[in-house]
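One structure is given below, encoded as structure tokens.
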Amino acid sequence: MTHATRFVAVAVLVALVLLNVSCGAQTPETDFEPEETNAPVQALTPLIDALRVRAEAGDAEAQFNLGVLYNNGDGVPQDDAEAVRWYRLAADQGYADAQYNLGVMYATGEGVPQDDAEALRWYRLAADQGYAGAQSNLGFMYDNGRGVPEDAAEAMRWYRLAAGQGDADAQYNLGVMYANGEGVPQDDAEAVRWYRRAANQGHADAQLSLGLRYEAGQGVPQDYVLAHMWYNLAASGATGEARDQFVENRGRVARRMSAEQVAEAQRLAREWDAAHPREP
């Protein structure tokens, strides 16, 4: 298995947050989840104008929120450079959400030239404030030697901090580290424990890894029914080549199972899915 290569997505501001801003409500200090907004641009303009007044007066929260609007083209033309400008103003005031998003922009080269060292710097500032996504991404940077010398022990330290806050990417990466014995003694049971925590949040790579463990009997007793269940769940949340891989794994283990075992695995997958509703 390889380590996850994706960064946590840049936060998205929803229409409700715009309404909260106009009423002076506080924006949650967690990542915003992407949602569709059908509100006409004209209807949002007075709210955006009010937000801009606050941002230009130096309000860090408003600066961050305005950056998110430009980042996603919500009520304004999409403009990564303008997003970076507003994120930077908020980040320079110590606003952790903006520091994190600025790190993502530098890591991906959106609105600024791609620069791992700058991404690392902004992630660290947010991570030092306890921001789980930044801690996870900082672990990734140390894990892969991006913007800093590769350091498995330091990667483990940051992954563990983020995983303790429930960050699924960090939990998955901890599982990989234990599986491969990187920065820690190799430990299949501990790898399974972290894979399971991420898998139970719907993390497809962790679900795949858990399926592989049950199929091979590594860190858990061999169990084709549970292997099929986890492969099935991984496939249901994936697209493209990743889904093809998950489906191939599911088919491989199914060929070793009876019809009754396959039916049981499908039942368990449905029950898991019902108990873990997916984000809209």
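Here's how to read the names in the structure tokens: chain A, B, ... by the order shown, residue numbers from 1 in each chain, ligand numbers from 1 in the order shown.
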Show me, as a CSV table (one decimal) with N, CA and C atoms, in the first residue's frame, the residues that have an atom within 10 Å of A:Ala170 when counting only C-alpha atoms, minus same-chain residues fewer than 4 positions from it.
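Printed below is selection-v5.csv as written:
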chain,number,residue,atom,x,y,z
A,3,HIS,N,1.0,5.6,0.6
A,3,HIS,CA,0.4,6.6,1.4
A,3,HIS,C,-0.6,7.4,0.6
A,4,ALA,N,-1.6,7.9,1.3
A,4,ALA,CA,-2.6,8.8,0.6
A,4,ALA,C,-1.8,10.0,0.0
A,132,ALA,N,-6.7,20.0,12.8
A,132,ALA,CA,-6.5,18.6,12.4
A,132,ALA,C,-6.1,18.4,11.0
A,133,GLY,N,-6.8,19.1,10.0
A,133,GLY,CA,-6.4,19.0,8.6
A,133,GLY,C,-5.0,19.4,8.3
A,135,GLN,N,-2.5,19.4,10.5
A,135,GLN,CA,-1.7,18.4,11.1
A,135,GLN,C,-1.5,17.2,10.2
A,136,SER,N,-2.6,16.7,9.7
A,136,SER,CA,-2.6,15.6,8.7
A,136,SER,C,-1.7,15.9,7.5
A,137,ASN,N,-1.9,17.1,6.9
A,137,ASN,CA,-1.2,17.4,5.7
A,137,ASN,C,0.3,17.6,6.1
A,139,GLY,N,1.9,16.0,8.4
A,139,GLY,CA,2.4,14.6,8.4
A,139,GLY,C,2.7,14.1,7.0
A,140,PHE,N,1.8,14.3,6.1
A,140,PHE,CA,2.0,13.9,4.7
A,140,PHE,C,3.3,14.5,4.1
A,155,ALA,N,6.5,12.5,10.8
A,155,ALA,CA,5.2,12.2,10.1
A,155,ALA,C,4.2,11.5,11.1
A,156,MET,N,4.7,10.5,11.8
A,156,MET,CA,3.9,9.8,12.7
A,156,MET,C,3.4,10.7,13.8
A,158,TRP,N,2.7,13.9,13.7
A,158,TRP,CA,1.6,14.8,13.2
A,158,TRP,C,0.4,14.0,12.8
A,159,TYR,N,0.6,12.8,12.2
A,159,TYR,CA,-0.6,12.0,11.9
A,159,TYR,C,-1.3,11.6,13.2
A,160,ARG,N,-0.6,11.3,14.2
A,160,ARG,CA,-1.2,10.8,15.4
A,160,ARG,C,-2.0,12.0,16.1
A,161,LEU,N,-1.5,13.2,16.0
A,161,LEU,CA,-2.3,14.3,16.6
A,161,LEU,C,-3.6,14.5,15.8
A,162,ALA,N,-3.5,14.4,14.4
A,162,ALA,CA,-4.7,14.6,13.6
A,162,ALA,C,-5.6,13.5,13.8
A,163,ALA,N,-5.1,12.2,13.8
A,163,ALA,CA,-5.9,11.0,14.0
A,163,ALA,C,-6.7,11.1,15.3
A,164,GLY,N,-6.1,11.6,16.3
A,164,GLY,CA,-6.7,11.7,17.6
A,164,GLY,C,-7.9,12.6,17.6
A,165,GLN,N,-7.9,13.5,16.6
A,165,GLN,CA,-9.1,14.4,16.5
A,165,GLN,C,-10.1,13.9,15.5
A,166,GLY,N,-9.9,12.7,15.0
A,166,GLY,CA,-10.8,12.1,14.1
A,166,GLY,C,-10.6,12.3,12.6
A,174,LEU,N,-1.7,6.5,9.4
A,174,LEU,CA,-1.2,5.8,10.5
A,174,LEU,C,-1.2,4.2,10.3
A,175,GLY,N,-2.3,3.8,9.8
A,175,GLY,CA,-2.4,2.4,9.4
A,175,GLY,C,-1.4,1.9,8.5
A,176,VAL,N,-1.1,2.7,7.5
A,176,VAL,CA,-0.1,2.4,6.5
A,176,VAL,C,1.3,2.4,7.2
A,194,TRP,N,-6.2,1.2,13.0
A,194,TRP,CA,-6.3,2.5,12.4
A,194,TRP,C,-7.1,2.5,11.1
A,195,TYR,N,-6.8,1.4,10.3
A,195,TYR,CA,-7.6,1.3,9.1
A,195,TYR,C,-9.1,1.3,9.4
A,198,ALA,N,-10.6,4.8,10.2
A,198,ALA,CA,-10.8,5.5,9.0
A,198,ALA,C,-11.9,4.9,8.2
I need the residues of stretch 157-201 of chain A that end up classed as alpha helix (DSSP H) by DSSP on the backbone, written out as an MDAnalysis selection string.
chainID A and resid 157:164 168:180 188:199
Resulting file, chosen residues, N, CA and C atoms, as an mmCIF file, in the first residue's frame:
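Output file again.cif is given in full below:
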data_model
loop_
_atom_site.group_PDB
_atom_site.id
_atom_site.type_symbol
_atom_site.label_atom_id
_atom_site.label_comp_id
_atom_site.auth_asym_id
_atom_site.auth_seq_id
_atom_site.Cartn_x
_atom_site.Cartn_y
_atom_site.Cartn_z
ATOM 1 N N ARG A 157 4.217 11.619 14.266
ATOM 2 C CA ARG A 157 3.793 12.534 15.339
ATOM 3 C C ARG A 157 2.615 13.384 14.884
ATOM 4 N N TRP A 158 2.675 13.929 13.669
ATOM 5 C CA TRP A 158 1.604 14.797 13.193
ATOM 6 C C TRP A 158 0.364 13.990 12.814
ATOM 7 N N TYR A 159 0.575 12.826 12.193
ATOM 8 C CA TYR A 159 -0.572 11.972 11.890
ATOM 9 C C TYR A 159 -1.322 11.609 13.165
ATOM 10 N N ARG A 160 -0.562 11.281 14.210
ATOM 11 C CA ARG A 160 -1.203 10.845 15.448
ATOM 12 C C ARG A 160 -2.031 11.971 16.065
ATOM 13 N N LEU A 161 -1.520 13.188 16.012
ATOM 14 C CA LEU A 161 -2.261 14.328 16.553
ATOM 15 C C LEU A 161 -3.572 14.521 15.782
ATOM 16 N N ALA A 162 -3.489 14.448 14.447
ATOM 17 C CA ALA A 162 -4.693 14.626 13.628
ATOM 18 C C ALA A 162 -5.646 13.455 13.791
ATOM 19 N N ALA A 163 -5.097 12.240 13.840
ATOM 20 C CA ALA A 163 -5.938 11.048 13.983
ATOM 21 C C ALA A 163 -6.696 11.073 15.296
ATOM 22 N N GLY A 164 -6.060 11.594 16.333
ATOM 23 C CA GLY A 164 -6.722 11.690 17.628
ATOM 24 C C GLY A 164 -7.910 12.631 17.618
ATOM 25 N N ALA A 168 -9.751 11.304 9.158
ATOM 26 C CA ALA A 168 -9.736 9.980 8.541
ATOM 27 C C ALA A 168 -8.483 9.751 7.701
ATOM 28 N N ASP A 169 -8.007 10.774 6.988
ATOM 29 C CA ASP A 169 -6.778 10.612 6.211
ATOM 30 C C ASP A 169 -5.607 10.264 7.122
ATOM 31 N N ALA A 170 -5.509 10.952 8.250
ATOM 32 C CA ALA A 170 -4.416 10.685 9.184
ATOM 33 C C ALA A 170 -4.543 9.286 9.774
ATOM 34 N N GLN A 171 -5.759 8.871 10.090
ATOM 35 C CA GLN A 171 -5.970 7.526 10.630
ATOM 36 C C GLN A 171 -5.538 6.475 9.607
ATOM 37 N N TYR A 172 -5.911 6.684 8.347
ATOM 38 C CA TYR A 172 -5.506 5.753 7.295
ATOM 39 C C TYR A 172 -3.983 5.716 7.167
ATOM 40 N N ASN A 173 -3.362 6.891 7.154
ATOM 41 C CA ASN A 173 -1.907 6.940 6.997
ATOM 42 C C ASN A 173 -1.190 6.316 8.184
ATOM 43 N N LEU A 174 -1.749 6.458 9.378
ATOM 44 C CA LEU A 174 -1.180 5.758 10.530
ATOM 45 C C LEU A 174 -1.225 4.249 10.302
ATOM 46 N N GLY A 175 -2.337 3.774 9.761
ATOM 47 C CA GLY A 175 -2.445 2.356 9.449
ATOM 48 C C GLY A 175 -1.355 1.910 8.485
ATOM 49 N N VAL A 176 -1.098 2.735 7.459
ATOM 50 C CA VAL A 176 -0.052 2.414 6.488
ATOM 51 C C VAL A 176 1.321 2.364 7.164
ATOM 52 N N MET A 177 1.565 3.335 8.052
ATOM 53 C CA MET A 177 2.854 3.381 8.735
ATOM 54 C C MET A 177 3.067 2.124 9.581
ATOM 55 N N TYR A 178 2.047 1.702 10.314
ATOM 56 C CA TYR A 178 2.154 0.482 11.119
ATOM 57 C C TYR A 178 2.273 -0.755 10.235
ATOM 58 N N ALA A 179 1.560 -0.770 9.121
ATOM 59 C CA ALA A 179 1.622 -1.919 8.222
ATOM 60 C C ALA A 179 3.018 -2.104 7.645
ATOM 61 N N ASN A 180 3.687 -0.977 7.357
ATOM 62 C CA ASN A 180 5.005 -1.026 6.725
ATOM 63 C C ASN A 180 6.159 -0.892 7.707
ATOM 64 N N ASP A 188 0.769 -5.455 12.538
ATOM 65 C CA ASP A 188 -0.433 -5.666 11.728
ATOM 66 C C ASP A 188 -1.715 -5.340 12.496
ATOM 67 N N ALA A 189 -1.755 -5.720 13.777
ATOM 68 C CA ALA A 189 -2.970 -5.476 14.562
ATOM 69 C C ALA A 189 -3.207 -3.975 14.722
ATOM 70 N N GLU A 190 -2.132 -3.219 14.934
ATOM 71 C CA GLU A 190 -2.278 -1.764 15.074
ATOM 72 C C GLU A 190 -2.658 -1.135 13.741
ATOM 73 N N ALA A 191 -2.121 -1.667 12.646
ATOM 74 C CA ALA A 191 -2.513 -1.178 11.322
ATOM 75 C C ALA A 191 -4.008 -1.361 11.114
ATOM 76 N N VAL A 192 -4.506 -2.541 11.463
ATOM 77 C CA VAL A 192 -5.941 -2.821 11.317
ATOM 78 C C VAL A 192 -6.768 -1.868 12.170
ATOM 79 N N ARG A 193 -6.291 -1.589 13.382
ATOM 80 C CA ARG A 193 -7.050 -0.701 14.275
ATOM 81 C C ARG A 193 -7.240 0.676 13.639
ATOM 82 N N TRP A 194 -6.187 1.215 13.043
ATOM 83 C CA TRP A 194 -6.295 2.547 12.444
ATOM 84 C C TRP A 194 -7.055 2.507 11.121
ATOM 85 N N TYR A 195 -6.836 1.438 10.340
ATOM 86 C CA TYR A 195 -7.623 1.308 9.112
ATOM 87 C C TYR A 195 -9.118 1.289 9.448
ATOM 88 N N ARG A 196 -9.468 0.572 10.516
ATOM 89 C CA ARG A 196 -10.878 0.436 10.866
ATOM 90 C C ARG A 196 -11.480 1.790 11.253
ATOM 91 N N ARG A 197 -10.707 2.577 11.998
ATOM 92 C CA ARG A 197 -11.240 3.882 12.413
ATOM 93 C C ARG A 197 -11.507 4.770 11.206
ATOM 94 N N ALA A 198 -10.604 4.755 10.220
ATOM 95 C CA ALA A 198 -10.816 5.536 9.007
ATOM 96 C C ALA A 198 -11.934 4.924 8.153
ATOM 97 N N ALA A 199 -11.942 3.596 8.049
ATOM 98 C CA ALA A 199 -12.962 2.908 7.237
ATOM 99 C C ALA A 199 -14.355 3.194 7.761
#
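Within 10 Å of A:Leu268, once only C-alpha atoms are used and residues closer than 2 positions along the same chain are dropped, the contacting residues are Val225, Leu226, His228, Met229, Trp230, Asn232, Leu233, Val262, Ala263, Glu264, Ala265, Gln266, Arg270, Glu271, Trp272, Asp273 and Ala274 of chain A.
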Requested write-out: C-alpha atoms of the selected residues, as an mmCIF file, in the first residue's frame:
data_model
loop_
_atom_site.group_PDB
_atom_site.id
_atom_site.type_symbol
_atom_site.label_atom_id
_atom_site.label_comp_id
_atom_site.auth_asym_id
_atom_site.auth_seq_id
_atom_site.Cartn_x
_atom_site.Cartn_y
_atom_site.Cartn_z
ATOM 1 C CA VAL A 225 -17.341 -12.425 4.303
ATOM 2 C CA LEU A 226 -15.867 -9.340 5.983
ATOM 3 C CA HIS A 228 -16.196 -8.863 0.634
ATOM 4 C CA MET A 229 -18.170 -6.437 2.811
ATOM 5 C CA TRP A 230 -15.313 -3.917 2.988
ATOM 6 C CA ASN A 232 -18.179 -3.682 -1.483
ATOM 7 C CA LEU A 233 -18.304 -0.544 0.680
ATOM 8 C CA VAL A 262 -21.897 -13.571 -0.522
ATOM 9 C CA ALA A 263 -25.478 -12.860 0.561
ATOM 10 C CA GLU A 264 -24.298 -12.446 4.158
ATOM 11 C CA ALA A 265 -21.539 -10.047 3.092
ATOM 12 C CA GLN A 266 -24.029 -7.988 1.100
ATOM 13 C CA ARG A 270 -26.233 -2.734 3.673
ATOM 14 C CA GLU A 271 -26.423 -2.634 7.469
ATOM 15 C CA TRP A 272 -23.138 -0.726 7.698
ATOM 16 C CA ASP A 273 -24.294 1.726 5.055
ATOM 17 C CA ALA A 274 -27.575 2.336 6.886
#
